[in-house]
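> Input structure: data_25.txt, which contains compact mmCIF, C-alpha atoms.
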```txt
# COMPACT_ATOMS: atom_id res chain seq x y z
CA MET A 3 7.67 21.94 8.33
CA GLY A 4 9.71 25.08 7.75
CA MET A 5 10.20 26.92 4.50
CA ALA A 6 13.88 27.42 5.15
CA ALA A 7 16.48 25.67 3.06
CA THR A 8 14.00 24.32 0.49
CA GLU A 9 16.58 24.78 -2.23
CA SER A 10 19.02 22.51 -0.54
CA GLN A 11 16.47 19.81 0.34
CA PHE A 12 17.05 16.39 -1.12
CA HIS A 13 14.34 14.84 -3.22
CA VAL A 14 13.49 11.19 -2.69
CA LEU A 15 11.38 9.07 -5.01
CA ALA A 16 9.57 6.33 -3.07
CA VAL A 17 8.14 3.32 -4.87
CA ASP A 18 5.67 0.91 -3.23
CA ASP A 19 2.51 -0.80 -4.43
CA SER A 20 0.94 -0.64 -0.96
CA LEU A 21 -0.91 2.63 -0.30
CA LEU A 22 -0.42 2.28 3.42
CA ASP A 23 3.32 1.78 3.07
CA ARG A 24 3.54 4.69 0.65
CA LYS A 25 1.85 6.96 3.14
CA LEU A 26 4.10 5.72 5.88
CA ILE A 27 7.36 6.12 3.99
CA GLU A 28 6.25 9.54 2.81
CA ARG A 29 5.66 10.66 6.39
CA LEU A 30 8.95 9.17 7.53
CA LEU A 31 10.84 10.92 4.74
CA LYS A 32 9.13 14.27 5.27
CA THR A 33 9.83 14.04 8.99
CA SER A 34 13.47 13.57 8.01
CA SER A 35 13.24 16.81 5.98
CA TYR A 36 13.27 15.35 2.52
CA GLN A 37 11.09 16.31 -0.41
CA VAL A 38 9.10 13.26 -1.41
CA THR A 39 7.38 11.92 -4.50
CA THR A 40 5.63 8.57 -4.24
CA VAL A 41 4.61 6.24 -7.06
CA ASP A 42 2.94 2.87 -6.93
CA SER A 43 4.99 0.92 -9.46
CA GLY A 44 8.41 0.50 -11.01
CA SER A 45 7.15 1.55 -14.43
CA LYS A 46 5.69 4.78 -13.01
CA ALA A 47 9.02 5.39 -11.30
CA LEU A 48 10.88 5.05 -14.59
CA GLU A 49 8.36 7.34 -16.24
CA PHE A 50 8.90 9.96 -13.56
CA LEU A 51 12.64 9.64 -13.96
CA GLY A 52 12.40 10.21 -17.69
CA PHE A 53 13.86 6.81 -18.45
CA HIS A 54 14.40 5.90 -22.10
CA GLU A 55 14.77 2.27 -23.11
CA ASP A 56 17.72 3.00 -25.40
CA ASP A 57 19.56 4.95 -22.72
CA GLN A 58 21.97 2.15 -22.00
CA ILE A 59 25.60 2.66 -21.04
CA ASN A 60 27.42 3.39 -24.27
CA PRO A 61 30.95 4.78 -24.34
CA ASP A 62 30.31 6.28 -27.77
CA SER A 63 27.24 8.19 -26.66
CA PRO A 64 28.07 11.91 -26.65
CA SER A 65 26.23 13.04 -23.58
CA ILE A 66 26.46 11.09 -20.38
CA SER A 67 25.54 13.67 -17.82
CA PRO A 68 23.06 12.64 -15.14
CA ASN A 69 19.83 14.43 -14.27
CA ASN A 70 19.47 16.37 -17.50
CA HIS A 71 16.44 14.43 -18.74
CA GLN A 72 14.37 14.53 -15.58
CA GLU A 73 11.58 16.94 -14.87
CA ALA A 74 12.65 17.20 -11.27
CA GLU A 75 15.98 16.14 -9.87
CA VAL A 76 15.80 12.95 -7.83
CA ASN A 77 18.56 12.42 -5.31
CA LEU A 78 17.62 8.94 -4.12
CA ILE A 79 15.18 6.18 -4.97
CA ILE A 80 13.75 3.99 -2.25
CA THR A 81 11.72 1.05 -3.47
CA ASP A 82 9.84 -1.94 -2.14
CA TYR A 83 11.19 -5.27 -3.32
CA CYS A 84 7.95 -7.23 -3.72
CA MET A 85 5.81 -5.51 -6.30
CA PRO A 86 3.62 -6.97 -9.03
CA GLY A 87 4.99 -6.64 -12.55
CA MET A 88 8.34 -4.95 -12.07
CA THR A 89 9.95 -5.87 -8.76
CA GLY A 90 12.23 -3.52 -6.87
CA TYR A 91 15.13 -5.58 -8.11
CA ASP A 92 14.02 -5.21 -11.74
CA LEU A 93 13.73 -1.46 -11.20
CA LEU A 94 17.18 -1.35 -9.64
CA LYS A 95 18.64 -3.16 -12.63
CA LYS A 96 17.02 -0.84 -15.13
CA ILE A 97 18.30 2.19 -13.27
CA LYS A 98 21.85 0.87 -13.05
CA GLU A 99 21.82 -0.01 -16.74
CA SER A 100 20.73 3.49 -17.72
CA SER A 101 23.47 5.96 -18.47
CA SER A 102 21.38 8.88 -17.27
CA LEU A 103 20.04 7.28 -14.10
CA ARG A 104 22.76 4.97 -12.85
CA ASN A 105 24.26 7.56 -10.53
CA ILE A 106 21.12 7.92 -8.48
CA PRO A 107 21.49 5.91 -5.26
CA VAL A 108 18.87 3.19 -4.83
CA VAL A 109 17.67 1.67 -1.56
CA ILE A 110 15.57 -1.49 -1.36
CA MET A 111 12.93 -2.24 1.31
CA SER A 112 11.46 -5.64 2.06
CA SER A 113 9.26 -7.23 4.69
CA GLU A 114 11.22 -10.46 4.33
CA ASN A 115 14.70 -11.12 5.60
CA VAL A 116 16.15 -13.26 2.82
CA PRO A 117 19.97 -13.11 2.83
CA SER A 118 20.34 -14.16 -0.81
CA ARG A 119 17.89 -11.45 -1.81
CA ILE A 120 19.84 -8.85 0.14
CA THR A 121 23.12 -9.94 -1.42
CA ARG A 122 21.66 -9.90 -4.90
CA CYS A 123 20.37 -6.35 -4.49
CA LEU A 124 23.57 -5.01 -3.01
CA GLU A 125 25.61 -6.66 -5.73
CA GLU A 126 23.38 -5.09 -8.33
CA GLY A 127 24.25 -1.70 -6.87
CA ALA A 128 21.71 -0.95 -4.16
CA GLU A 129 23.21 1.24 -1.47
CA GLU A 130 21.18 -0.12 1.41
CA PHE A 131 18.62 -2.78 2.16
CA PHE A 132 16.02 -1.93 4.79
CA LEU A 133 13.74 -4.41 6.50
CA LYS A 134 10.15 -3.28 6.86
CA PRO A 135 8.68 -1.68 8.79
CA VAL A 136 11.24 1.02 8.09
CA GLN A 137 12.28 3.05 11.11
CA LEU A 138 13.19 6.72 11.31
CA SER A 139 16.66 5.66 12.38
CA ASP A 140 17.06 3.71 9.12
CA LEU A 141 16.47 6.88 7.14
CA LYS A 142 19.45 8.53 8.80
CA ARG A 143 21.59 6.30 6.60
CA LEU A 144 20.24 7.91 3.44
CA ARG A 145 21.83 11.33 3.65
CA PRO A 146 25.48 10.29 3.09
CA HIS A 147 24.52 8.60 -0.18
CA MET A 148 22.73 11.69 -1.44
CA VAL A 149 25.49 14.07 -0.38
CA LYS A 150 28.13 11.94 -2.05
CA THR A 151 26.23 11.89 -5.34
CA LYS A 152 25.67 15.64 -5.28
CA VAL A 153 29.38 16.24 -4.81
CA LYS A 154 30.17 13.85 -7.65
CA ASP A 155 27.70 15.66 -9.94
CA GLN A 156 29.15 19.02 -9.03
CA ASN A 157 32.62 17.81 -9.96
CA LEU A 158 31.32 16.52 -13.25
CA ASP A 159 29.51 19.80 -13.99
CA LYS A 160 32.66 21.75 -13.20
CA LYS A 161 34.60 19.56 -15.59
CA GLN A 162 32.04 20.13 -18.34
CA GLU A 163 32.00 23.87 -17.73
CA ASN A 164 35.72 23.99 -18.24
CA GLN A 165 35.35 22.24 -21.55
CA GLU A 166 32.84 24.26 -23.50
CA ASN A 167 35.34 24.58 -26.40
CA PRO A 168 34.11 22.49 -29.40
CA GLU A 169 37.68 21.49 -30.24
CA GLU A 170 37.85 19.81 -26.89
CA LYS A 171 34.76 17.74 -27.52
CA LEU A 172 36.93 14.78 -28.45
CA ASP A 173 38.83 15.14 -25.18
CA LYS A 174 35.53 15.17 -23.35
CA GLN A 175 34.53 11.87 -24.91
CA GLU A 176 37.88 10.36 -24.07
CA ILE A 177 37.65 11.47 -20.48
CA GLN A 178 34.12 10.20 -20.16
CA SER A 179 34.94 6.79 -21.54
CA GLU A 180 37.94 6.71 -19.25
CA LYS A 181 35.64 7.54 -16.35
CA LEU A 182 33.33 4.75 -17.46
CA GLN A 183 36.17 2.29 -17.52
CA GLN A 184 37.21 3.36 -14.07
CA GLN A 185 33.69 2.96 -12.79
CA GLN A 186 33.36 -0.45 -14.39
CA GLN A 187 36.60 -1.54 -12.82
CA MET A 188 35.51 -0.24 -9.48
CA GLY A 189 32.19 -1.97 -10.01
CA ASN A 190 33.98 -5.29 -10.40
CA ASN A 191 36.05 -4.69 -7.31
CA ASN A 192 32.91 -3.68 -5.46
CA ASN A 193 31.19 -6.99 -6.18
CA LYS A 194 34.10 -8.99 -4.85
CA ARG A 195 34.32 -6.94 -1.70
CA LYS A 196 30.61 -7.14 -1.13
CA ALA A 197 30.60 -10.91 -1.42
CA MET A 198 33.39 -11.08 1.13
CA GLU A 199 31.72 -8.70 3.53
CA GLU A 200 28.51 -10.67 3.26
CA SER A 201 30.15 -13.78 4.67
CA LEU A 202 31.71 -11.83 7.49
CA SER A 203 28.79 -9.88 8.84
CA PRO A 204 25.24 -11.10 8.35
CA ASP A 205 23.55 -7.96 9.66
CA ARG A 206 20.00 -7.22 8.78
CA THR A 207 21.12 -4.06 7.04
CA ARG A 208 24.47 -4.39 5.48
CA PRO A 209 27.38 -2.35 6.75
CA ARG A 210 27.28 0.87 4.83
CA TYR A 211 29.21 0.42 1.64
CA SER A 212 30.20 3.01 -0.86
CA ASN A 213 30.16 2.22 -4.56
CA GLY A 214 33.14 4.47 -5.00
CA VAL A 215 33.42 7.95 -6.35
CA ALA A 216 35.09 8.17 -9.73
CA THR A 217 37.04 11.35 -9.91
CA VAL A 218 38.50 12.20 -13.25
CA VAL A 219 42.16 13.01 -13.21
CA MET B 141 -14.60 14.37 32.71
CA ASP B 142 -11.92 17.05 32.88
CA ARG B 143 -8.87 17.31 30.64
CA ASN B 144 -6.48 15.64 33.01
CA GLN B 145 -8.74 12.70 33.57
CA LEU B 146 -9.31 12.27 29.86
CA GLN B 147 -5.62 12.43 29.09
CA ARG B 148 -4.93 9.93 31.80
CA GLN B 149 -7.54 7.65 30.29
CA VAL B 150 -5.85 7.95 26.90
CA ALA B 151 -2.44 7.17 28.36
CA LEU B 152 -3.77 4.21 30.30
CA MET B 153 -5.59 2.88 27.32
CA ARG B 154 -2.53 3.20 25.18
CA SER B 155 -0.41 1.29 27.61
CA SER B 156 -3.09 -1.40 27.78
CA LEU B 157 -3.02 -1.70 24.05
CA ILE B 158 0.69 -2.10 23.87
CA GLU B 159 1.86 -3.63 27.08
CA GLN B 160 1.86 -7.28 27.90
CA VAL B 161 0.43 -6.76 31.37
CA PRO B 162 -3.31 -6.05 31.43
CA ASN B 163 -4.23 -2.83 33.19
CA PRO B 164 -6.53 -3.40 36.16
CA SER B 165 -7.46 0.32 36.38
CA LEU B 166 -9.71 -0.01 33.36
CA PRO B 167 -12.29 -2.62 34.33
CA SER B 168 -14.67 -1.49 31.60
CA LEU B 169 -12.28 -2.58 28.89
CA LYS B 170 -11.53 -6.15 27.99
CA LEU B 171 -8.19 -7.26 29.23
CA LEU B 172 -5.84 -6.22 26.43
CA VAL B 173 -2.65 -8.10 26.18
CA GLY B 174 -0.03 -7.01 23.69
CA TYR B 175 -2.24 -6.13 20.77
CA LEU B 176 0.18 -3.69 19.29
CA ASP B 177 3.92 -3.68 18.97
CA GLU B 178 5.06 -0.87 21.24
CA GLN B 179 7.96 0.33 19.18
CA GLN B 180 6.05 0.48 15.93
CA PHE B 181 2.92 2.10 17.32
CA LEU B 182 4.91 4.66 19.27
CA GLN B 183 6.91 5.48 16.18
CA LEU B 184 3.67 6.12 14.31
CA GLU B 185 2.60 8.46 17.07
CA ASP B 186 5.97 10.18 16.94
CA LEU B 187 5.32 11.00 13.31
CA GLN B 188 2.35 13.14 14.33
CA ASP B 189 2.82 16.86 14.69
CA ASP B 190 0.80 20.05 14.44
CA VAL B 191 0.60 19.75 10.68
CA ASN B 192 -0.33 16.05 10.78
CA PRO B 193 -2.12 15.58 14.10
CA ASN B 194 -4.18 12.58 13.01
CA PHE B 195 -1.60 10.61 11.13
CA VAL B 196 -2.07 7.42 13.13
CA GLU B 197 -5.80 7.45 12.71
CA GLU B 198 -5.37 8.05 8.97
CA ILE B 199 -2.99 5.15 8.71
CA VAL B 200 -5.31 2.87 10.65
CA THR B 201 -8.24 3.91 8.47
CA LEU B 202 -6.18 3.02 5.41
CA PHE B 203 -5.31 -0.28 7.00
CA TYR B 204 -8.95 -1.24 7.46
CA LYS B 205 -9.89 -0.11 3.98
CA ASP B 206 -7.07 -2.19 2.54
CA SER B 207 -7.91 -5.22 4.64
CA ALA B 208 -11.55 -5.15 3.55
CA ARG B 209 -10.39 -5.48 -0.04
CA LEU B 210 -7.84 -8.20 0.70
CA PHE B 211 -10.26 -10.17 2.88
CA HIS B 212 -12.77 -10.17 0.07
CA ASN B 213 -10.12 -11.53 -2.29
CA ILE B 214 -9.10 -14.19 0.20
CA GLU B 215 -12.68 -15.26 0.70
CA GLN B 216 -13.19 -15.62 -3.05
CA ALA B 217 -9.97 -17.58 -3.37
CA LEU B 218 -10.98 -19.91 -0.55
CA LYS B 219 -14.31 -20.60 -2.23
CA SER B 220 -12.91 -21.36 -5.67
CA ARG B 221 -12.18 -24.94 -6.70
CA PRO B 222 -9.44 -25.88 -6.96
CA VAL B 223 -8.05 -23.55 -4.31
CA ASP B 224 -5.28 -21.37 -5.69
CA PHE B 225 -2.77 -21.41 -2.84
CA ALA B 226 -0.34 -19.14 -4.65
CA LYS B 227 -3.00 -16.47 -4.87
CA LEU B 228 -3.98 -16.98 -1.24
CA ASP B 229 -0.38 -16.65 -0.18
CA ASN B 230 -0.02 -13.49 -2.21
CA TYR B 231 -3.09 -11.80 -0.72
CA MET B 232 -2.14 -12.80 2.79
CA HIS B 233 1.42 -11.60 2.19
CA GLN B 234 0.08 -8.16 1.31
CA PHE B 235 -2.17 -8.10 4.35
CA ARG B 236 0.57 -9.31 6.63
CA GLY B 237 2.80 -6.48 5.39
CA SER B 238 0.17 -3.97 6.45
CA THR B 239 -0.21 -5.52 9.90
CA SER B 240 3.51 -5.23 10.31
CA SER B 241 3.48 -1.58 9.29
CA ILE B 242 1.01 -0.63 12.03
CA GLY B 243 2.46 -3.03 14.57
CA ALA B 244 -0.59 -5.28 14.88
CA ILE B 245 1.26 -8.24 16.34
CA LYS B 246 -1.66 -10.45 17.30
CA VAL B 247 -3.20 -10.18 13.87
CA LYS B 248 0.19 -10.79 12.30
CA ASN B 249 0.64 -13.96 14.32
CA GLU B 250 -2.61 -15.33 12.98
CA CYS B 251 -1.41 -14.47 9.49
CA ASN B 252 1.66 -16.59 10.11
CA GLN B 253 -0.57 -19.51 11.06
CA PHE B 254 -2.49 -19.03 7.85
CA LYS B 255 0.74 -19.07 5.88
CA GLU B 256 1.70 -22.45 7.37
CA PHE B 257 -1.55 -24.02 6.16
CA CYS B 258 -1.16 -22.33 2.81
CA LEU B 259 2.31 -23.73 2.30
CA ALA B 260 1.00 -27.16 3.28
CA GLY B 261 -1.82 -26.86 0.75
CA ASN B 262 -4.38 -27.31 3.50
CA ALA B 263 -7.52 -25.42 2.44
CA GLU B 264 -9.50 -26.25 5.55
CA GLY B 265 -6.66 -25.17 7.77
CA CYS B 266 -6.47 -21.94 5.81
CA ALA B 267 -10.17 -21.31 6.27
CA ARG B 268 -9.92 -21.85 10.03
CA ALA B 269 -6.84 -19.69 10.34
CA PHE B 270 -8.56 -17.00 8.32
CA GLN B 271 -11.44 -16.92 10.81
CA LYS B 272 -8.92 -16.26 13.54
CA VAL B 273 -7.29 -13.52 11.50
CA LYS B 274 -10.66 -11.85 11.07
CA GLN B 275 -11.45 -12.14 14.77
CA GLU B 276 -8.22 -10.53 15.89
CA HIS B 277 -8.64 -7.93 13.20
CA GLU B 278 -12.08 -6.96 14.54
CA THR B 279 -10.98 -6.94 18.17
CA LEU B 280 -8.15 -4.62 17.33
CA ARG B 281 -10.48 -2.36 15.40
CA THR B 282 -12.77 -1.96 18.40
CA GLN B 283 -9.89 -1.16 20.72
CA LEU B 284 -8.38 1.33 18.32
CA GLU B 285 -11.70 3.05 17.73
CA THR B 286 -12.14 3.55 21.45
CA TYR B 287 -8.58 4.78 21.73
CA PHE B 288 -9.04 7.37 18.99
CA LYS B 289 -12.33 8.50 20.43
CA LEU B 290 -10.78 9.08 23.83
CA ARG B 291 -7.89 10.88 22.20
CA ARG B 292 -10.21 13.19 20.35
CA GLN B 293 -12.15 13.93 23.49
CA ALA B 294 -8.97 14.71 25.34
CA GLY B 295 -7.91 16.96 22.47
CA LEU B 296 -11.23 18.81 22.47
CA ALA B 297 -11.10 19.30 26.21
CA GLU B 298 -7.71 20.92 25.75
CA THR B 299 -9.06 23.67 23.52
CA VAL B 300 -11.90 24.62 25.92
```
Could you spell out this file's structure in structure tokens?


Amino acid sequence: MGMAATESQFHVLAVDDSLLDRKLIERLLKTSSYQVTTVDSGSKALEFLGFHEDDQINPDSPSISPNNHQEAEVNLIITDYCMPGMTGYDLLKKIKESSSLRNIPVVIMSSENVPSRITRCLEEGAEEFFLKPVQLSDLKRLRPHMVKTKVKDQNLDKKQENQENPEEKLDKQEIQSEKLQQQQQMGNNNNKRKAMEESLSPDRTRPRYSNGVATVV
Amino acid sequence: MDRNQLQRQVALMRSSLIEQVPNPSLPSLKLLVGYLDEQQFLQLEDLQDDVNPNFVEEIVTLFYKDSARLFHNIEQALKSRPVDFAKLDNYMHQFRGSTSSIGAIKVKNECNQFKEFCLAGNAEGCARAFQKVKQEHETLRTQLETYFKLRRQAGLAETV
């Protein structure tokens, strides 16, 4: 494990109630050159992410910039599906409903190949669905999702930098609610496309599918 | 035994553990037929490096620690009246996940048998299947322990 390029390493949060599987996924991720944090439950994951119950998507909320509330930036969350208490699906939902966390890509893992489960997760916004035991080759599919999100965040930061003028605060809110609308629209289109793709190709891991990058005009 | 011989022993033993065809060059070992899934076990070994040279052994140790706990729970659940099949299924599901993670295919197969009885609400069938699970589990443990011992010996010989 080299010290080079630590600054540009992606940070993955892995969630699994099985100690053995946590150790395994940690090793797999580190071998793939990611920084890793592991937690044993969905609630601990949300805690780590700095999740706040009232952080729901709200067009009137003044600050909707991702990653500001977290202690450490998380670039991707990979979670087991079957967990006591909060399942991976429940965790996914909470993340996608949170204005501060929804941009973080989420991947679901499961030891069971249940097509309806896979569809449900992907429709809820999961980027990938891996069957356990997860292979090193599966993890190769993670990087594009993390790169895409980083680029999107950089664009958003640039936009905010250019608008530090208080008089333009109103404009900022307008643009952000416009962005939200765009994302919601794209979200609807996404669901339809996913349902169609599902009937066409029943692969064990779905064909890679992008949730769309919303670029503000 | 010199380094080359030891390493050859390790390699032979490994292929016995994972291949379907029993290896006649190791008469002292029981005939091992497909105890471990090749791809999964080899992947675990691939994850070892200079910084983590004993990863597989650590994982296997975790596996046996975990299974001890789950077996205890299963035993309790089998003894209770009425038998809680949902609980049994849950414990076995957790255990089966672990067997899958280390590639223990024979043990996993016995878990599948157990699941059938569980779904059918057949407590006696579950108890019998569980005995088989435990047997395969112990056999695998013995083989793995020998494998790790040989590996360590080969490693030590290398540094001399």

> Distance limit 10 Å, atoms considered: only C-alpha atoms. Which chain B residues sit that close to chain A? Return them as an MDAnalysis selection string.

chainID B and resid 179:180 183:184 186:192 195:196 198:203 205:206 233:243

> Anything within 12 Å of (20.3, -9.4, -4.2): list those residues as a ChimeraX atom specification, counting all atoms listed in the file and sticking to the file's coordinates.

/A:83,89-92,94-95,109-112,115-131,193,196-197,200,208

> What does the structure give for the distance between atom CA of B:Arg268 and atom CA of B:Phe211, in Å to one decimal?

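Result for atom CA of B:Arg268 versus atom CA of B:Phe211: 13.7 Å, one decimal.
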
> Quick one: distance from atom CA of B:Ala217 to atom CA of B:Cys258 in Å, one decimal?

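Computing it gives 11.8 Å between the two atoms.
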
> Taking into account all atoms listed in the file, which residue in the set B:Ser220, B:Gly295, B:Ala151, B:Phe225 is nearest to B:Glu256?

B:Phe225

> Quote the spacing between atom CA of A:Lys98 and atom CA of A:Glu75 in Å to one decimal place.

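Pair atom CA of A:Lys98 / atom CA of A:Glu75 returns 16.7 Å.
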
> Compare B:Arg221, B:Tyr204, B:Glu185, B:Lys248 by their minimum atom-to-atom distance to B:Thr282, counting all atoms listed in the file, and give me the closest one.

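Closest candidate: B:Tyr204.
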
> For a quick check of understanding, using all atoms listed in the file, which of A:Val14, A:Ala74, A:Val153, A:Leu133 has the smallest distance to A:Glu49?

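Under the stated criterion, the closest residue is A:Ala74.
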
> Residues proximal to (-5.5, 6.5, 17.1) were defined as those with any atom within 8 Å of that point in the file's coordinates, counting all atoms listed in the file. Which are they, as an MDAnalysis selection string?

chainID B and resid 194 196:197 200 284:285 287:289 291

> Provide stretch 148-157 of chain B rebuilt to all heavy atoms, formatted as a JSON list (two decimals), in the coordinates of the input.


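Saved as result.json:
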```
[["chain", "number", "residue", "atom", "x", "y", "z"],
["B", 148, "ARG", "N", -5.41, 11.09, 31.06],
["B", 148, "ARG", "CA", -4.93, 9.93, 31.80],
["B", 148, "ARG", "C", -5.56, 8.65, 31.23],
["B", 148, "ARG", "O", -4.92, 7.63, 31.08],
["B", 148, "ARG", "CB", -5.30, 10.09, 33.27],
["B", 148, "ARG", "CG", -4.42, 9.28, 34.20],
["B", 148, "ARG", "CD", -4.74, 9.60, 35.65],
["B", 148, "ARG", "NE", -5.12, 8.42, 36.38],
["B", 148, "ARG", "CZ", -4.27, 7.46, 36.75],
["B", 148, "ARG", "NH1", -3.01, 7.55, 36.45],
["B", 148, "ARG", "NH2", -4.70, 6.40, 37.41],
["B", 149, "GLN", "N", -6.84, 8.78, 30.91],
["B", 149, "GLN", "CA", -7.54, 7.65, 30.29],
["B", 149, "GLN", "C", -6.84, 7.22, 29.00],
["B", 149, "GLN", "O", -6.64, 6.04, 28.75],
["B", 149, "GLN", "CB", -8.98, 8.06, 29.94],
["B", 149, "GLN", "CG", -9.96, 7.90, 31.06],
["B", 149, "GLN", "CD", -10.78, 6.63, 30.90],
["B", 149, "GLN", "OE1", -10.32, 5.68, 30.29],
["B", 149, "GLN", "NE2", -11.98, 6.63, 31.45],
["B", 150, "VAL", "N", -6.51, 8.23, 28.18],
["B", 150, "VAL", "CA", -5.85, 7.95, 26.90],
["B", 150, "VAL", "C", -4.53, 7.23, 27.14],
["B", 150, "VAL", "O", -4.22, 6.23, 26.51],
["B", 150, "VAL", "CB", -5.60, 9.25, 26.11],
["B", 150, "VAL", "CG1", -4.78, 8.97, 24.87],
["B", 150, "VAL", "CG2", -6.93, 9.87, 25.71],
["B", 151, "ALA", "N", -3.75, 7.76, 28.09],
["B", 151, "ALA", "CA", -2.44, 7.17, 28.36],
["B", 151, "ALA", "C", -2.59, 5.74, 28.88],
["B", 151, "ALA", "O", -1.86, 4.83, 28.47],
["B", 151, "ALA", "CB", -1.68, 8.02, 29.37],
["B", 152, "LEU", "N", -3.55, 5.54, 29.75],
["B", 152, "LEU", "CA", -3.77, 4.21, 30.30],
["B", 152, "LEU", "C", -4.21, 3.24, 29.22],
["B", 152, "LEU", "O", -3.76, 2.10, 29.15],
["B", 152, "LEU", "CB", -4.85, 4.26, 31.40],
["B", 152, "LEU", "CG", -4.40, 4.80, 32.75],
["B", 152, "LEU", "CD1", -5.59, 4.98, 33.68],
["B", 152, "LEU", "CD2", -3.39, 3.85, 33.39],
["B", 153, "MET", "N", -5.08, 3.74, 28.38],
["B", 153, "MET", "CA", -5.59, 2.88, 27.32],
["B", 153, "MET", "C", -4.46, 2.49, 26.38],
["B", 153, "MET", "O", -4.36, 1.35, 25.95],
["B", 153, "MET", "CB", -6.68, 3.60, 26.55],
["B", 153, "MET", "CG", -7.02, 2.78, 25.36],
["B", 153, "MET", "SD", -8.71, 2.83, 24.89],
["B", 153, "MET", "CE", -8.74, 1.28, 24.02],
["B", 154, "ARG", "N", -3.63, 3.47, 26.08],
["B", 154, "ARG", "CA", -2.53, 3.20, 25.18],
["B", 154, "ARG", "C", -1.62, 2.15, 25.76],
["B", 154, "ARG", "O", -1.19, 1.23, 25.08],
["B", 154, "ARG", "CB", -1.75, 4.48, 24.89],
["B", 154, "ARG", "CG", -0.71, 4.26, 23.81],
["B", 154, "ARG", "CD", -0.18, 5.56, 23.32],
["B", 154, "ARG", "NE", 0.92, 5.99, 24.17],
["B", 154, "ARG", "CZ", 1.70, 7.00, 23.86],
["B", 154, "ARG", "NH1", 1.48, 7.68, 22.78],
["B", 154, "ARG", "NH2", 2.68, 7.36, 24.66],
["B", 155, "SER", "N", -1.32, 2.28, 27.03],
["B", 155, "SER", "CA", -0.41, 1.29, 27.61],
["B", 155, "SER", "C", -1.08, -0.08, 27.70],
["B", 155, "SER", "O", -0.42, -1.10, 27.59],
["B", 155, "SER", "CB", 0.13, 1.73, 28.97],
["B", 155, "SER", "OG", -0.90, 2.22, 29.77],
["B", 156, "SER", "N", -2.40, -0.11, 27.82],
["B", 156, "SER", "CA", -3.09, -1.40, 27.78],
["B", 156, "SER", "C", -2.96, -2.04, 26.42],
["B", 156, "SER", "O", -2.79, -3.24, 26.30],
["B", 156, "SER", "CB", -4.57, -1.22, 28.08],
["B", 156, "SER", "OG", -4.76, -0.67, 29.32],
["B", 157, "LEU", "N", -3.08, -1.19, 25.41],
["B", 157, "LEU", "CA", -3.02, -1.70, 24.05],
["B", 157, "LEU", "C", -1.66, -2.31, 23.76],
["B", 157, "LEU", "O", -1.55, -3.28, 23.04],
["B", 157, "LEU", "CB", -3.29, -0.58, 23.04],
["B", 157, "LEU", "CG", -4.73, -0.24, 22.76],
["B", 157, "LEU", "CD1", -4.83, 1.04, 21.95],
["B", 157, "LEU", "CD2", -5.42, -1.36, 22.01]]
```
